[in-house]
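entry-v1.txt, holding compact mmCIF, C-alpha atoms:
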```txt
# COMPACT_ATOMS: atom_id res chain seq x y z
CA ARG A 25 0.00 0.00 0.00
CA LYS A 26 1.33 3.40 -0.97
CA ASP A 27 1.21 6.16 1.59
CA LYS A 28 -1.00 9.11 0.84
CA PRO A 29 0.94 12.13 -0.43
CA GLU A 30 1.45 14.89 2.14
CA TYR A 31 0.10 18.24 0.97
CA LYS A 32 1.86 21.30 2.32
CA ARG A 33 -0.19 24.37 3.15
CA VAL A 34 1.71 26.88 1.04
CA MET A 35 0.97 30.58 1.39
CA ILE A 36 0.43 32.30 -1.98
CA THR A 37 1.13 36.04 -2.17
CA ILE A 38 -0.15 38.23 -5.02
CA PRO A 39 1.63 41.63 -4.76
CA ASN A 40 -0.76 43.79 -6.84
CA MET A 41 -4.36 43.96 -8.08
CA VAL A 42 -3.58 43.06 -11.70
CA ASN A 43 -4.42 39.39 -11.08
CA TRP A 44 -7.18 39.79 -8.50
CA LYS A 45 -10.19 42.00 -7.74
CA PHE A 46 -12.23 42.81 -4.63
CA ASN A 47 -15.93 43.65 -4.86
CA LYS A 48 -16.94 43.71 -1.15
CA VAL A 49 -18.71 40.33 -1.19
CA SER A 50 -16.11 38.21 -3.01
CA VAL A 51 -12.59 38.07 -4.39
CA SER A 52 -12.02 37.32 -8.09
CA LEU A 53 -8.75 35.60 -8.89
CA LEU A 54 -7.10 35.18 -12.32
CA THR A 55 -5.99 31.57 -12.86
CA HIS A 56 -4.80 29.52 -15.84
CA LYS A 57 -8.49 28.69 -16.46
CA GLY A 58 -9.66 32.30 -16.32
CA TRP A 59 -11.25 34.32 -13.54
CA VAL A 60 -12.45 32.39 -10.48
CA GLU A 61 -14.77 34.00 -7.91
CA ILE A 62 -14.23 33.23 -4.21
CA PRO A 63 -17.20 34.22 -1.99
CA LEU A 64 -16.18 35.74 1.35
CA LYS A 65 -17.44 34.84 4.79
CA PHE A 66 -18.63 37.96 6.64
CA THR A 67 -17.51 38.89 10.15
CA LYS A 68 -18.20 41.98 12.28
CA GLN A 69 -14.64 43.18 11.81
CA PHE A 70 -14.77 42.68 8.02
CA THR A 71 -18.11 44.56 7.77
CA ARG A 72 -16.75 47.45 9.86
CA TYR A 73 -13.68 47.85 7.63
CA VAL A 74 -15.74 47.74 4.42
CA HIS A 75 -18.22 50.41 5.57
CA GLU A 76 -15.91 52.75 7.53
CA SER A 77 -13.80 54.35 4.79
CA TRP A 78 -11.09 51.68 4.83
CA ARG A 79 -9.68 50.52 1.50
CA VAL A 80 -8.12 47.21 0.52
CA SER A 81 -4.37 47.26 -0.10
CA GLN A 82 -2.76 45.91 -3.27
CA GLU A 83 -1.44 42.71 -1.69
CA LEU A 84 -3.48 39.52 -1.36
CA LYS A 85 -2.48 36.40 0.54
CA LEU A 86 -4.28 33.08 0.33
CA ARG A 87 -3.80 29.47 1.29
CA LEU A 88 -5.53 26.30 0.07
CA VAL A 89 -6.81 24.08 2.87
CA GLY A 90 -8.56 21.08 1.34
CA ARG A 91 -11.51 22.41 -0.68
CA LYS A 92 -11.49 25.74 1.15
CA VAL A 93 -9.45 28.88 0.55
CA LEU A 94 -8.21 31.06 3.40
CA VAL A 95 -7.92 34.68 2.25
CA TRP A 96 -5.96 37.46 3.99
CA LEU A 97 -7.08 40.98 3.08
CA THR A 98 -5.20 44.03 4.38
CA PHE A 99 -7.24 47.19 4.93
CA GLU A 100 -5.69 50.64 5.14
CA ARG A 101 -6.68 54.28 5.40
CA GLU A 102 -4.95 57.63 5.77
CA VAL A 103 -4.84 59.13 9.25
CA GLU A 104 -3.44 62.53 10.24
CA VAL A 105 -0.85 62.12 12.98
CA GLU A 106 -0.04 65.11 15.18
CA SER A 107 3.16 65.23 17.23
CA LYS A 108 4.54 67.95 19.49
CA GLU A 109 8.13 69.09 19.11
CA GLY A 110 10.29 67.74 21.91
CA ASN A 111 7.89 64.91 22.80
CA HIS A 112 9.56 61.58 22.13
CA ILE A 113 9.10 57.97 23.17
CA SER A 114 12.20 55.88 22.49
CA ILE A 115 12.05 52.09 22.57
CA ASP A 116 14.76 49.49 23.05
CA VAL A 117 13.86 45.83 22.59
CA ASN A 118 15.80 43.37 24.75
CA GLU A 119 15.66 39.64 25.14
CA ASN A 120 13.15 39.64 28.00
CA ASN A 121 11.87 43.22 28.15
CA VAL A 122 10.98 46.33 26.17
CA THR A 123 12.38 49.50 27.78
CA VAL A 124 10.68 52.82 27.02
CA ALA A 125 12.03 56.33 27.71
CA VAL A 126 9.40 59.10 27.74
CA PHE A 127 10.46 62.68 26.89
CA GLU A 128 8.18 65.70 27.13
CA GLY A 129 9.39 69.12 26.01
CA PHE A 130 12.90 67.70 25.42
CA LYS A 131 13.07 66.62 29.10
CA LEU A 132 13.17 63.08 30.42
CA LYS A 133 9.85 62.42 32.11
CA GLU A 134 10.00 58.73 33.01
CA LEU A 135 11.44 55.32 32.18
CA ARG A 136 9.23 52.28 31.76
CA ARG A 137 10.19 48.67 31.35
CA TYR A 138 7.68 46.07 30.11
CA GLU A 139 8.67 42.56 31.17
CA THR A 140 7.82 40.52 28.05
CA GLY A 141 9.71 37.38 29.09
CA LEU A 142 10.08 36.43 25.40
CA GLY A 143 13.55 34.99 25.93
CA ARG A 144 12.32 32.73 28.72
CA ILE A 145 9.30 31.69 26.61
CA VAL A 146 11.51 30.67 23.67
CA MET A 147 14.00 28.83 25.90
CA ASN A 148 11.24 26.87 27.64
CA TYR A 149 9.53 25.95 24.38
CA SER A 150 12.89 24.90 22.92
CA LEU A 151 13.32 22.39 25.74
CA ARG A 152 9.76 21.12 25.32
CA ARG A 153 10.25 20.68 21.58
CA GLU A 154 13.38 18.63 22.23
CA GLU A 155 11.43 16.37 24.60
CA ILE A 156 8.55 15.89 22.12
CA THR A 157 10.74 15.20 19.07
CA LYS A 158 13.32 13.01 20.83
CA GLY A 159 13.61 9.79 18.80
CA HIS A 160 10.81 10.85 16.43
CA SER A 161 10.56 12.50 13.05
CA THR A 162 9.04 16.00 12.89
CA LYS A 163 7.08 14.80 9.82
CA ASP A 164 5.08 12.41 11.99
CA GLU A 165 1.45 13.63 12.23
CA LEU A 166 1.20 12.92 15.97
CA ILE A 167 4.42 14.87 16.61
CA LYS A 168 3.15 17.75 14.42
CA LYS A 169 -0.06 17.85 16.43
CA LYS A 170 1.83 18.00 19.73
CA LEU A 171 4.09 20.79 18.43
CA ARG A 172 1.09 22.83 17.24
CA LYS A 173 -0.43 22.60 20.73
CA LEU A 174 2.57 24.44 22.15
CA ARG A 175 1.25 27.67 20.55
CA GLU A 176 4.63 29.39 20.95
CA LYS A 177 4.14 31.91 18.13
CA GLU A 178 0.65 32.92 19.27
CA ARG A 179 1.87 33.53 22.81
CA LYS A 180 4.85 35.63 21.68
CA ILE A 181 2.69 37.75 19.35
CA ASP A 182 0.11 38.26 22.10
CA VAL A 183 2.77 39.64 24.48
CA LEU A 184 4.18 41.99 21.82
CA ARG A 185 0.71 43.15 20.73
CA LYS A 186 -0.20 44.13 24.29
CA THR A 187 3.15 45.88 24.74
CA VAL A 188 2.56 47.86 21.53
CA LYS A 189 -0.91 48.79 22.78
CA ARG A 190 0.60 50.37 25.93
CA VAL A 191 3.18 52.29 23.90
CA VAL A 192 0.58 53.58 21.40
CA GLU A 193 -1.73 54.78 24.20
CA LEU A 194 1.20 56.67 25.75
CA ALA A 195 2.30 58.15 22.41
CA ARG A 196 -1.19 59.37 21.51
CA ASP A 197 -1.76 60.92 24.95
CA LEU A 198 1.50 62.90 24.70
CA LYS A 199 1.34 63.41 20.90
CA ALA A 200 4.87 62.01 20.88
CA LYS A 201 7.08 60.73 18.08
CA VAL A 202 8.10 57.10 18.61
CA ILE A 203 11.79 56.28 18.02
CA VAL A 204 12.92 52.69 17.59
CA GLY A 205 16.30 51.15 16.88
CA LYS A 206 16.85 49.95 13.31
CA PHE A 207 17.82 46.30 13.45
CA SER A 208 20.98 45.22 11.62
CA SER A 209 22.52 41.80 11.05
CA ARG A 210 24.99 42.66 13.81
CA SER A 211 23.18 42.63 17.14
CA LYS A 212 23.58 45.74 19.30
CA ASP A 213 25.18 43.59 22.00
CA LYS A 214 27.03 40.33 21.75
CA MET A 215 24.59 37.88 23.28
CA GLU A 216 25.96 36.37 26.49
CA GLY A 217 26.97 32.73 26.55
CA ASN A 218 28.41 30.82 23.61
CA LYS A 219 26.02 27.91 24.07
CA THR A 220 22.84 29.87 23.35
CA ALA A 221 24.26 32.87 21.47
CA LYS A 222 22.52 32.08 18.15
CA LEU A 223 19.18 31.42 19.81
CA ARG A 224 19.39 34.66 21.82
CA HIS A 225 20.24 36.57 18.64
CA ARG A 226 17.19 35.10 16.87
CA ILE A 227 14.97 36.08 19.81
CA HIS A 228 16.21 39.67 19.65
CA GLN A 229 15.98 39.83 15.85
CA TRP A 230 12.41 38.47 15.73
CA SER A 231 11.25 40.71 18.60
CA VAL A 232 12.65 43.91 17.04
CA VAL A 233 11.33 43.25 13.53
CA LYS A 234 7.87 42.16 14.73
CA LEU A 235 7.48 45.06 17.17
CA VAL A 236 8.44 47.63 14.49
CA GLU A 237 5.95 46.04 12.05
CA MET A 238 3.17 46.33 14.64
CA LEU A 239 4.04 49.93 15.50
CA LYS A 240 3.98 50.99 11.83
CA THR A 241 0.38 49.80 11.49
CA GLN A 242 -0.71 52.18 14.27
CA PRO A 243 -1.80 55.86 13.86
CA ILE A 244 1.45 57.22 15.31
CA ASP A 245 4.64 58.79 13.94
CA VAL A 246 7.42 56.16 13.95
CA ALA A 247 11.10 56.80 13.13
CA GLU A 248 13.88 54.20 12.92
CA VAL A 249 17.35 55.22 14.13
CA SER A 250 20.62 53.30 13.99
CA GLU A 251 21.36 51.37 17.20
CA SER A 252 25.15 51.70 16.83
CA TYR A 253 26.89 52.67 20.09
CA THR A 254 23.58 53.23 21.91
CA SER A 255 24.55 50.66 24.58
CA SER A 256 28.15 51.79 25.05
CA ILE A 257 27.76 55.55 25.76
CA ASN A 258 26.74 57.17 29.05
CA PRO A 259 23.65 59.22 28.02
CA PHE A 260 24.17 61.70 30.87
CA ASN A 261 27.70 62.82 29.98
CA GLY A 262 28.48 61.31 26.56
CA GLU A 263 31.45 59.31 27.85
CA LYS A 264 32.19 55.74 26.73
CA LEU A 265 31.11 53.01 29.15
CA LYS A 266 33.46 50.22 30.17
CA LYS A 267 31.33 47.12 29.70
CA ARG A 268 33.95 44.88 31.23
CA LYS A 269 33.25 46.57 34.55
CA GLN A 270 29.79 45.09 34.91
CA THR A 271 29.59 44.98 38.68
CA VAL A 272 26.09 43.77 39.54
CA GLU A 273 23.77 41.25 37.92
CA ARG A 274 20.88 39.85 39.90
CA VAL A 275 17.40 38.38 39.52
CA ILE A 276 14.81 40.13 41.69
CA LYS A 277 11.69 38.25 42.77
CA VAL A 278 8.82 40.73 42.96
CA PHE A 279 5.76 39.86 45.06
CA ASN A 280 2.93 42.03 43.78
CA PRO A 281 -0.77 41.54 44.71
CA TYR A 282 -1.90 43.65 41.72
CA LEU A 283 -0.98 40.77 39.44
CA MET A 284 -3.48 38.45 41.10
CA THR A 285 -7.18 38.30 40.27
CA GLY A 286 -10.26 36.54 41.61
CA SER A 287 -10.11 34.17 44.57
CA ALA A 288 -6.30 34.16 44.62
CA HIS A 289 -6.26 37.93 45.22
CA GLU A 290 -9.04 37.75 47.83
CA GLY A 291 -7.24 34.97 49.66
CA GLY A 292 -4.07 37.01 49.94
CA GLY A 293 -2.19 35.10 47.25
CA VAL A 294 0.63 36.78 45.36
CA LYS A 295 2.31 36.19 42.03
CA VAL A 296 6.08 36.13 41.77
CA LEU A 297 7.59 38.08 38.87
CA LYS A 298 11.30 37.59 38.19
CA VAL A 299 13.08 40.75 37.04
CA ASN A 300 16.65 40.57 35.79
CA ALA A 301 18.54 43.75 36.80
CA ARG A 302 21.96 44.39 35.24
CA TYR A 303 24.24 47.32 36.01
CA LEU A 304 27.32 48.88 34.44
CA GLU A 305 29.87 50.99 36.26
CA SER A 306 30.32 54.62 35.21
CA GLY A 307 32.60 56.51 37.56
CA GLU A 308 31.02 56.67 41.02
CA VAL A 309 27.59 55.42 39.97
CA LEU A 310 25.87 52.43 38.39
CA LEU A 311 23.73 52.54 35.26
CA GLU A 312 20.87 50.07 34.81
CA ARG A 313 21.98 48.42 31.58
CA ASP A 314 18.71 48.01 29.65
CA SER A 315 17.85 51.70 30.17
CA ILE A 316 20.96 53.06 28.45
CA ALA A 317 20.00 52.40 24.79
CA PRO A 318 16.57 54.15 24.73
CA LEU A 319 18.11 57.28 26.29
CA ASN A 320 20.86 57.31 23.67
CA LEU A 321 18.35 56.85 20.83
CA VAL A 322 16.83 60.22 21.75
CA ARG A 323 20.32 61.73 21.89
CA LYS A 324 20.75 60.76 18.23
CA VAL A 325 17.57 62.62 17.31
CA ASP A 326 17.91 65.59 19.68
CA GLY A 327 21.70 65.93 19.64
CA ARG A 328 22.18 66.71 23.34
CA VAL A 329 22.96 64.69 26.44
CA VAL A 330 20.08 63.61 28.66
CA VAL A 331 19.33 65.72 31.73
CA PHE A 332 17.98 64.24 34.94
CA PRO A 333 14.30 65.05 35.60
CA SER A 334 15.22 66.27 39.10
CA THR A 335 18.18 67.88 40.86
CA SER A 336 19.11 64.61 42.58
CA PRO A 337 20.39 61.69 40.44
CA ASN A 338 19.23 59.29 43.14
CA GLU A 339 15.58 60.02 42.32
CA LEU A 340 15.61 58.50 38.82
CA ARG A 341 13.77 55.17 38.61
CA VAL A 342 12.63 52.61 36.06
CA THR A 343 9.04 51.51 36.61
CA VAL A 344 8.62 47.84 35.72
CA TYR A 345 5.28 46.91 34.13
CA ASP A 346 3.47 43.71 33.31
CA PRO A 347 2.41 44.29 29.66
CA LEU A 348 -0.49 41.82 29.85
CA ARG A 349 -2.28 43.88 32.52
CA GLY A 350 -0.57 47.25 32.19
CA VAL A 351 0.10 47.54 35.93
CA PRO A 352 3.40 48.57 37.59
CA VAL A 353 5.01 45.74 39.55
CA ALA A 354 8.32 47.17 40.79
CA GLU A 355 10.87 49.97 40.54
CA LEU A 356 14.52 49.63 39.52
CA GLU A 357 17.10 52.25 40.36
CA VAL A 358 18.91 53.57 37.30
CA ILE A 359 21.63 55.43 39.18
CA LYS A 360 22.55 54.98 42.82
CA SER A 361 25.56 54.89 45.08
CA LYS A 362 27.29 51.53 44.68
CA GLU A 363 27.27 51.06 48.46
CA LYS A 364 23.48 51.62 48.70
CA LEU A 365 22.09 49.77 45.70
CA ARG A 366 18.49 48.79 46.47
CA HIS A 367 15.26 48.03 44.66
CA GLY A 368 11.80 49.42 45.37
```
Encoding of this model in structure tokens:
Amino acid sequence: RKDKPEYKRVMITIPNMVNWKFNKVSVSLLTHKGWVEIPLKFTKQFTRYVHESWRVSQELKLRLVGRKVLVWLTFEREVEVESKEGNHISIDVNENNVTVAVFEGFKLKELRRYETGLGRIVMNYSLRREEITKGHSTKDELIKKKLRKLREKERKIDVLRKTVKRVVELARDLKAKVIVGKFSSRSKDKMEGNKTAKLRHRIHQWSVVKLVEMLKTQPIDVAEVSESYTSSINPFNGEKLKKRKQTVERVIKVFNPYLMTGSAHEGGGVKVLKVNARYLESGEVLLERDSIAPLNLVRKVDGRVVVFPSTSPNELRVTVYDPLRGVPVAELEVIKSKEKLRHG
């Protein structure tokens, strides 16, 4: 008995509307047998886009699944974006967090850090994939089914989507221009550890590219700036940092009742959030490592060194957020005396 042939679900992309047409109720596609009409299934979201001045973009994506056709339509419309001069939100994407620096009137207002945990998600799923596929072929249907149940991609996209939502809300409230680092084939930092260097690089690359794609679909002004030297310069005095003098690296366990809901919250239960705090030495003070790059991104746009929001450098903090709920869970000190390094 011959095995049944395995059909791959290939995505077909048609870049322009020469070979396809959209008429609100169906999509007509030009094939080798002439024009073929594909009726569309209506949803609330589809109906809203069709009747609210959105237009269909030139690109069409479709995939054959048995006797059905899955169609991806992209809707777009022009939106006027207003931004105030001196209002910036700079974003640096790291392995396990997205750090945001908020500037209003050319002055640093606050630093936020959204704990995405993407690095930990990928590492955990990598171990689970190894366990599932050990001694088996990835072409096996049962193995494929188990791998699909992991839902790694959906979980990663969900975390990034909710992080983007928080950034967009902040940018629209302040009418701020969003600045992101332009990803290059050379990562901004050499990923730590030879054993997992390639995997860490892929995590960073995917996170940056996907986050920028999501931001560009939002009604905000987005600018990409080169990331070169953004992690190696002290944003407060312009001097070069000595990365070899990394003096402190610790994982902080945060117990925060605001992360709990329902009976767990009522019963006094708490959720533990692990925050990785890393510091670099700069003279007599310590700089929280993941906060350096977003401050230097604004320096590239504005051209001047960053000024503390208060007269005392000890009052600058990074507020750590859970992106899924949008609530603050802890505070990290950006600059503090090395003898009195603490966490709020």
Around the point (11.0, 65.9, 21.3), in the coordinates given by the file, pick out the residues reaching within 9 Å, counting all atoms listed in the file, and return them as a ChimeraX atom specification. /A:107-113,127-131,200-201,322,325-326
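Across the structure, atom CA of A:Glu61 and atom CA of A:Ser81 are spaced 18.6 Å apart.
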Among listed residues A:His160, A:Lys298, A:Lys189, A:Arg152, nearest A:Glu176 (using all atoms listed in the file):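 For A:Glu176, the nearest of the given residues is A:Arg152.
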Stretch 64-76 of chain A surroundings by only C-alpha atoms, 6 Å radius, close-in-sequence under 2 positions cut, as a PyMOL selection string: chain A and resi 49-50+78
Using all atoms listed in the file, the best pick from A:Asp116, A:Val183, A:Val330, A:Leu198 as closest to A:Glu248 would be A:Asp116
